[in-house]
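S.K.: Pasting structure-v2.cif below, which is mmCIF, C-alpha atoms.
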data_work
#
loop_
_atom_site.group_PDB
_atom_site.id
_atom_site.type_symbol
_atom_site.label_atom_id
_atom_site.label_comp_id
_atom_site.auth_asym_id
_atom_site.auth_seq_id
_atom_site.Cartn_x
_atom_site.Cartn_y
_atom_site.Cartn_z
ATOM 1 C CA MET D 251 76.559 -14.549 66.440
ATOM 2 C CA THR D 252 76.752 -11.105 64.856
ATOM 3 C CA TYR D 253 73.639 -11.819 62.866
ATOM 4 C CA THR D 254 71.711 -12.506 66.085
ATOM 5 C CA LYS D 255 73.054 -9.318 67.662
ATOM 6 C CA GLU D 256 72.067 -7.328 64.584
ATOM 7 C CA ARG D 257 68.562 -8.759 64.651
ATOM 8 C CA ALA D 258 68.201 -7.996 68.357
ATOM 9 C CA ALA D 259 69.469 -4.455 67.799
ATOM 10 C CA ALA D 260 67.049 -3.960 64.911
ATOM 11 C CA ALA D 261 64.141 -5.256 66.987
ATOM 12 C CA ALA D 262 65.061 -2.952 69.872
ATOM 13 C CA ALA D 263 65.369 0.000 67.506
ATOM 14 C CA SER D 264 61.969 -0.671 65.956
ATOM 15 C CA ALA D 265 60.309 -1.004 69.383
ATOM 16 C CA ARG D 266 61.954 2.097 70.833
ATOM 17 C CA PRO D 267 59.375 4.690 69.629
ATOM 18 C CA TYR D 268 56.536 2.632 71.117
ATOM 19 C CA VAL D 269 58.302 2.219 74.444
ATOM 20 C CA GLU D 270 59.123 5.920 74.602
ATOM 21 C CA ARG D 271 55.535 6.791 73.784
ATOM 22 C CA ALA D 272 54.265 4.481 76.521
ATOM 23 C CA LEU D 273 56.662 6.029 79.040
ATOM 24 C CA ARG D 274 55.715 9.621 78.225
ATOM 25 C CA ASP D 275 52.025 9.418 77.380
ATOM 26 C CA GLN D 276 49.855 9.389 80.515
ATOM 27 C CA GLU D 277 46.633 9.020 78.515
ATOM 28 C CA LEU D 278 47.982 5.920 76.756
ATOM 29 C CA ARG D 279 48.873 4.346 80.106
ATOM 30 C CA ASP D 280 45.418 5.248 81.460
ATOM 31 C CA ASN D 281 43.740 3.645 78.426
ATOM 32 C CA ILE D 282 45.724 0.435 78.863
ATOM 33 C CA ARG D 283 45.096 0.375 82.618
ATOM 34 C CA ASN D 284 41.338 0.901 82.157
ATOM 35 C CA ALA D 285 41.145 -1.771 79.453
ATOM 36 C CA TYR D 286 42.961 -4.226 81.693
ATOM 37 C CA ALA D 287 40.670 -3.428 84.628
ATOM 38 C CA SER D 288 37.534 -3.947 82.513
ATOM 39 C CA ALA D 289 38.791 -7.186 80.990
ATOM 40 C CA ARG D 290 39.868 -8.433 84.412
ATOM 41 C CA ALA D 291 36.432 -7.705 85.888
ATOM 42 C CA VAL D 292 34.738 -9.703 83.131
ATOM 43 C CA TYR D 293 37.251 -12.542 83.458
ATOM 44 C CA ASP D 294 36.836 -12.719 87.224
ATOM 45 C CA GLU D 295 33.051 -12.839 86.871
ATOM 46 C CA LEU D 296 33.086 -15.520 84.163
ATOM 47 C CA SER D 297 35.884 -17.681 85.563
ATOM 48 C CA ARG D 298 33.779 -18.783 88.537
ATOM 49 C CA ARG D 299 31.253 -20.527 86.305
ATOM 50 C CA ARG D 300 31.088 -23.426 83.886
ATOM 51 C CA VAL D 301 31.753 -22.489 80.295
ATOM 52 C CA SER D 302 28.135 -22.888 79.203
ATOM 53 C CA ASP D 303 26.880 -20.840 82.164
ATOM 54 C CA ALA D 304 29.470 -18.156 81.421
ATOM 55 C CA ALA D 305 28.402 -17.962 77.773
ATOM 56 C CA SER D 306 24.742 -17.713 78.752
ATOM 57 C CA GLN D 307 25.504 -15.001 81.275
ATOM 58 C CA LEU D 308 27.590 -13.113 78.742
ATOM 59 C CA ALA D 309 24.721 -13.249 76.254
ATOM 60 C CA ALA D 310 22.168 -12.023 78.792
ATOM 61 C CA ASP D 311 24.040 -9.676 81.155
ATOM 62 C CA LYS D 312 24.024 -6.102 79.853
ATOM 63 C CA ASP D 313 26.508 -4.899 82.494
ATOM 64 C CA MET D 314 29.062 -7.496 81.431
ATOM 65 C CA GLN D 315 28.577 -6.596 77.776
ATOM 66 C CA GLU D 316 29.164 -2.956 78.683
ATOM 67 C CA GLU D 317 32.408 -3.918 80.475
ATOM 68 C CA ILE D 318 33.599 -5.697 77.329
ATOM 69 C CA ARG D 319 32.653 -2.701 75.186
ATOM 70 C CA SER D 320 34.553 -0.459 77.580
ATOM 71 C CA ALA D 321 37.665 -2.631 77.379
ATOM 72 C CA ILE D 322 37.509 -2.683 73.583
ATOM 73 C CA ALA D 323 37.039 1.093 73.412
ATOM 74 C CA GLU D 324 40.017 1.677 75.702
ATOM 75 C CA LEU D 325 42.210 -0.658 73.645
ATOM 76 C CA ARG D 326 41.154 1.067 70.433
ATOM 77 C CA SER D 327 41.968 4.439 71.930
ATOM 78 C CA ALA D 328 45.362 3.197 73.073
ATOM 79 C CA SER D 329 46.134 1.703 69.671
ATOM 80 C CA ARG D 330 45.223 4.974 67.932
ATOM 81 C CA ARG D 331 47.605 6.855 70.216
ATOM 82 C CA VAL D 332 50.456 4.456 69.464
ATOM 83 C CA LYS D 333 50.119 4.626 65.683
ATOM 84 C CA ASP D 334 52.423 6.978 63.852
ATOM 85 C CA VAL D 335 50.928 10.123 62.376
ATOM 86 C CA LYS D 336 52.358 9.252 58.965
ATOM 87 C CA ASN D 337 50.291 6.048 58.838
ATOM 88 C CA GLY D 338 47.095 8.044 59.196
ATOM 89 C CA ALA D 339 43.848 6.939 60.733
ATOM 90 C CA PRO D 340 41.916 4.090 59.132
ATOM 91 C CA GLU D 341 38.719 4.815 57.286
ATOM 92 C CA PRO D 342 35.750 4.876 59.691
ATOM 93 C CA ALA D 343 33.779 2.560 57.400
ATOM 94 C CA GLN D 344 36.641 0.042 57.372
ATOM 95 C CA THR D 345 36.914 0.174 61.158
ATOM 96 C CA ALA D 346 33.172 -0.355 61.555
ATOM 97 C CA LYS D 347 33.227 -3.241 59.086
ATOM 98 C CA ASN D 348 36.076 -4.915 60.949
ATOM 99 C CA GLY D 349 34.251 -4.472 64.265
ATOM 100 C CA VAL D 350 31.066 -6.011 62.885
ATOM 101 C CA LEU D 351 33.008 -8.929 61.402
ATOM 102 C CA LEU D 352 34.769 -9.526 64.716
ATOM 103 C CA LEU D 353 31.493 -9.469 66.634
ATOM 104 C CA PHE D 354 29.849 -11.778 64.077
ATOM 105 C CA GLY D 355 32.766 -14.210 64.333
ATOM 106 C CA ILE D 356 32.583 -14.274 68.126
ATOM 107 C CA VAL D 357 28.820 -14.887 68.087
ATOM 108 C CA ILE D 358 29.120 -17.678 65.501
ATOM 109 C CA GLY D 359 31.968 -19.193 67.509
ATOM 110 C CA LEU D 360 29.898 -19.191 70.695
ATOM 111 C CA LEU D 361 26.829 -20.627 68.974
ATOM 112 C CA LEU D 362 28.695 -23.400 67.151
ATOM 113 C CA ASN D 363 31.100 -24.286 69.950
ATOM 114 C CA PRO D 364 30.287 -27.830 71.150
ATOM 115 C CA ILE D 365 30.724 -26.822 74.793
ATOM 116 C CA THR D 366 28.830 -23.533 74.936
ATOM 117 C CA GLY D 367 26.652 -23.875 71.848
ATOM 118 C CA PRO D 368 23.732 -26.049 72.984
ATOM 119 C CA ALA D 369 23.122 -24.153 76.238
ATOM 120 C CA LEU D 370 23.506 -20.789 74.541
ATOM 121 C CA ARG D 371 21.174 -21.772 71.681
ATOM 122 C CA ARG D 372 18.549 -22.985 74.181
ATOM 123 C CA ALA D 373 18.820 -19.762 76.188
ATOM 124 C CA LEU D 374 18.627 -17.672 73.033
ATOM 125 C CA GLY D 375 15.627 -19.661 71.777
ATOM 126 C CA ARG D 376 13.814 -19.172 75.075
ATOM 127 C CA LYS D 377 14.602 -15.474 75.029
ATOM 128 C CA LEU D 378 13.449 -14.990 71.427
ATOM 129 C CA PHE D 379 10.506 -17.368 71.209
ATOM 130 C CA GLY D 380 9.418 -17.759 74.820
ATOM 131 C CA SER D 381 9.515 -20.785 77.055
ATOM 132 C CA GLU D 382 6.279 -22.350 75.915
ATOM 133 C CA ASN D 383 6.438 -25.721 74.203
ATOM 134 C CA GLY D 384 3.655 -25.114 71.667
ATOM 135 C CA PHE D 385 5.611 -26.469 68.723
ATOM 136 C CA VAL D 386 6.318 -30.175 68.455
ATOM 137 C CA TYR D 387 8.189 -31.515 65.461
ATOM 138 C CA GLN D 388 6.511 -34.409 63.692
ATOM 139 C CA GLY D 389 9.312 -35.897 61.583
ATOM 140 C CA ASN D 390 7.274 -38.350 59.480
ATOM 141 C CA GLY D 391 4.671 -35.863 58.272
ATOM 142 C CA SER D 392 1.793 -37.501 60.143
ATOM 143 C CA LYS D 393 -0.786 -35.297 61.768
ATOM 144 C CA THR D 394 -1.676 -35.881 65.370
ATOM 145 C CA ALA D 395 -4.670 -34.463 67.174
#
I'd like the structure from this file rewritten - as structure tokens, please.

M.R.:
Amino acid sequence: MTYTKERAAAAAASARPYVERALRDQELRDNIRNAYASARAVYDELSRRRVSDAASQLAADKDMQEEIRSAIAELRSASRRVKDVKNGAPEPAQTAKNGVLLLFGIVIGLLLNPITGPALRRALGRKLFGSENGFVYQGNGSKTA
């Protein structure tokens, strides 16, 4: 029983600086509120559609992409404000690399997902190569006129 109390006390003590910072820092609260509002707007827009339609819209809609970027920027700003000064800021190159890897992982996940993948790949193919059907695959190597 005392061990559980000690663990709870230690957890509360370690969370205290973050809670105090959140209570005192208006800019931190604004960043979190803005990030939530942006994420909620995207969620509300996408939740009314089928998954494949939502993925296609997300790939094509610049306004929705901007909302997601805004939410991510607000969350990054909030996380920077919460970090202790002694930890220091991460290297800009490392942060950029992590952002690119995250974006790459999301794109690969959307393209390979069995639910969203086929529709998204078709939409992307039409966008990149046009909607014409000039190419027909001839699997056996025969030539047709």

S.K.: With all atoms listed in the file as the basis for distance, which of D:Ser297, D:Val292, D:Arg274, D:Ser302 is at the shortest distance from Met314 of chain D?

M.R.: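 Smallest separation from Met314 of chain D among the options: D:Val292.
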
S.K.: Find the distance between atom CA of Ala287 of chain D and atom CA of Leu308 of chain D and write it in Å to one decimal.

M.R.: 17.3 Å

S.K.: Take atom CA of Arg331 of chain D and atom CA of Leu278 of chain D and report the distance between them in Å, one decimal.

M.R.: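 Here the two named atoms are 6.6 Å from each other.
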
S.K.: Go ahead and compute the interatomic distance for atom CA of Arg283 of chain D and atom CA of Gly349 of chain D, in Å to one decimal.

M.R.: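 Answer for the atom CA of Arg283 of chain D to atom CA of Gly349 of chain D separation: 21.9 Å.
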
S.K.: For each of D:Ala309, D:Ile365, D:Ala262, D:Ala285, take the minimum atom-to-atom distance to Ile322 of chain D, counting all atoms listed in the file, then give the residue where this is smallest.

M.R.: D:Ala285

S.K.: Name all residues at most 12 Å from segment 352-362 of chain D (count all atoms listed in the file; drop same-chain ones fewer than 2 positions away) and give them as a ChimeraX atom specification.

M.R.: /D:301-306,308-309,315,318-319,322,345-350,364-375

S.K.: Those same residues - C-alpha atoms - I'd like them written as a PDB file, in the coordinates of the input.

M.R.:
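Below you can see selection-v8.pdb, which holds the result:
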ATOM      1  CA  VAL D 301      31.753 -22.489  80.295  1.00  0.00           C
ATOM      2  CA  SER D 302      28.135 -22.888  79.203  1.00  0.00           C
ATOM      3  CA  ASP D 303      26.880 -20.840  82.164  1.00  0.00           C
ATOM      4  CA  ALA D 304      29.470 -18.156  81.421  1.00  0.00           C
ATOM      5  CA  ALA D 305      28.402 -17.962  77.773  1.00  0.00           C
ATOM      6  CA  SER D 306      24.742 -17.713  78.752  1.00  0.00           C
ATOM      7  CA  LEU D 308      27.590 -13.113  78.742  1.00  0.00           C
ATOM      8  CA  ALA D 309      24.721 -13.249  76.254  1.00  0.00           C
ATOM      9  CA  GLN D 315      28.577  -6.596  77.776  1.00  0.00           C
ATOM     10  CA  ILE D 318      33.599  -5.697  77.329  1.00  0.00           C
ATOM     11  CA  ARG D 319      32.653  -2.701  75.186  1.00  0.00           C
ATOM     12  CA  ILE D 322      37.509  -2.683  73.583  1.00  0.00           C
ATOM     13  CA  THR D 345      36.914   0.174  61.158  1.00  0.00           C
ATOM     14  CA  ALA D 346      33.172  -0.355  61.555  1.00  0.00           C
ATOM     15  CA  LYS D 347      33.227  -3.241  59.086  1.00  0.00           C
ATOM     16  CA  ASN D 348      36.076  -4.915  60.949  1.00  0.00           C
ATOM     17  CA  GLY D 349      34.251  -4.472  64.265  1.00  0.00           C
ATOM     18  CA  VAL D 350      31.066  -6.011  62.885  1.00  0.00           C
ATOM     19  CA  PRO D 364      30.287 -27.830  71.150  1.00  0.00           C
ATOM     20  CA  ILE D 365      30.724 -26.822  74.793  1.00  0.00           C
ATOM     21  CA  THR D 366      28.830 -23.533  74.936  1.00  0.00           C
ATOM     22  CA  GLY D 367      26.652 -23.875  71.848  1.00  0.00           C
ATOM     23  CA  PRO D 368      23.732 -26.049  72.984  1.00  0.00           C
ATOM     24  CA  ALA D 369      23.122 -24.153  76.238  1.00  0.00           C
ATOM     25  CA  LEU D 370      23.506 -20.789  74.541  1.00  0.00           C
ATOM     26  CA  ARG D 371      21.174 -21.772  71.681  1.00  0.00           C
ATOM     27  CA  ARG D 372      18.549 -22.985  74.181  1.00  0.00           C
ATOM     28  CA  ALA D 373      18.820 -19.762  76.188  1.00  0.00           C
ATOM     29  CA  LEU D 374      18.627 -17.672  73.033  1.00  0.00           C
ATOM     30  CA  GLY D 375      15.627 -19.661  71.777  1.00  0.00           C
TER      31      GLY D 375
END

S.K.: Draw an axis-aligned box over all listed atoms of segment 349-354 of chain D, pad each side with 8 Å, and write its centre and edge lengths in Å, one decimal, as AutoDock Vina command-line options.

M.R.:
--center_x 32.3 --center_y -8.1 --center_z 64.0 --size_x 20.9 --size_y 23.3 --size_z 21.2
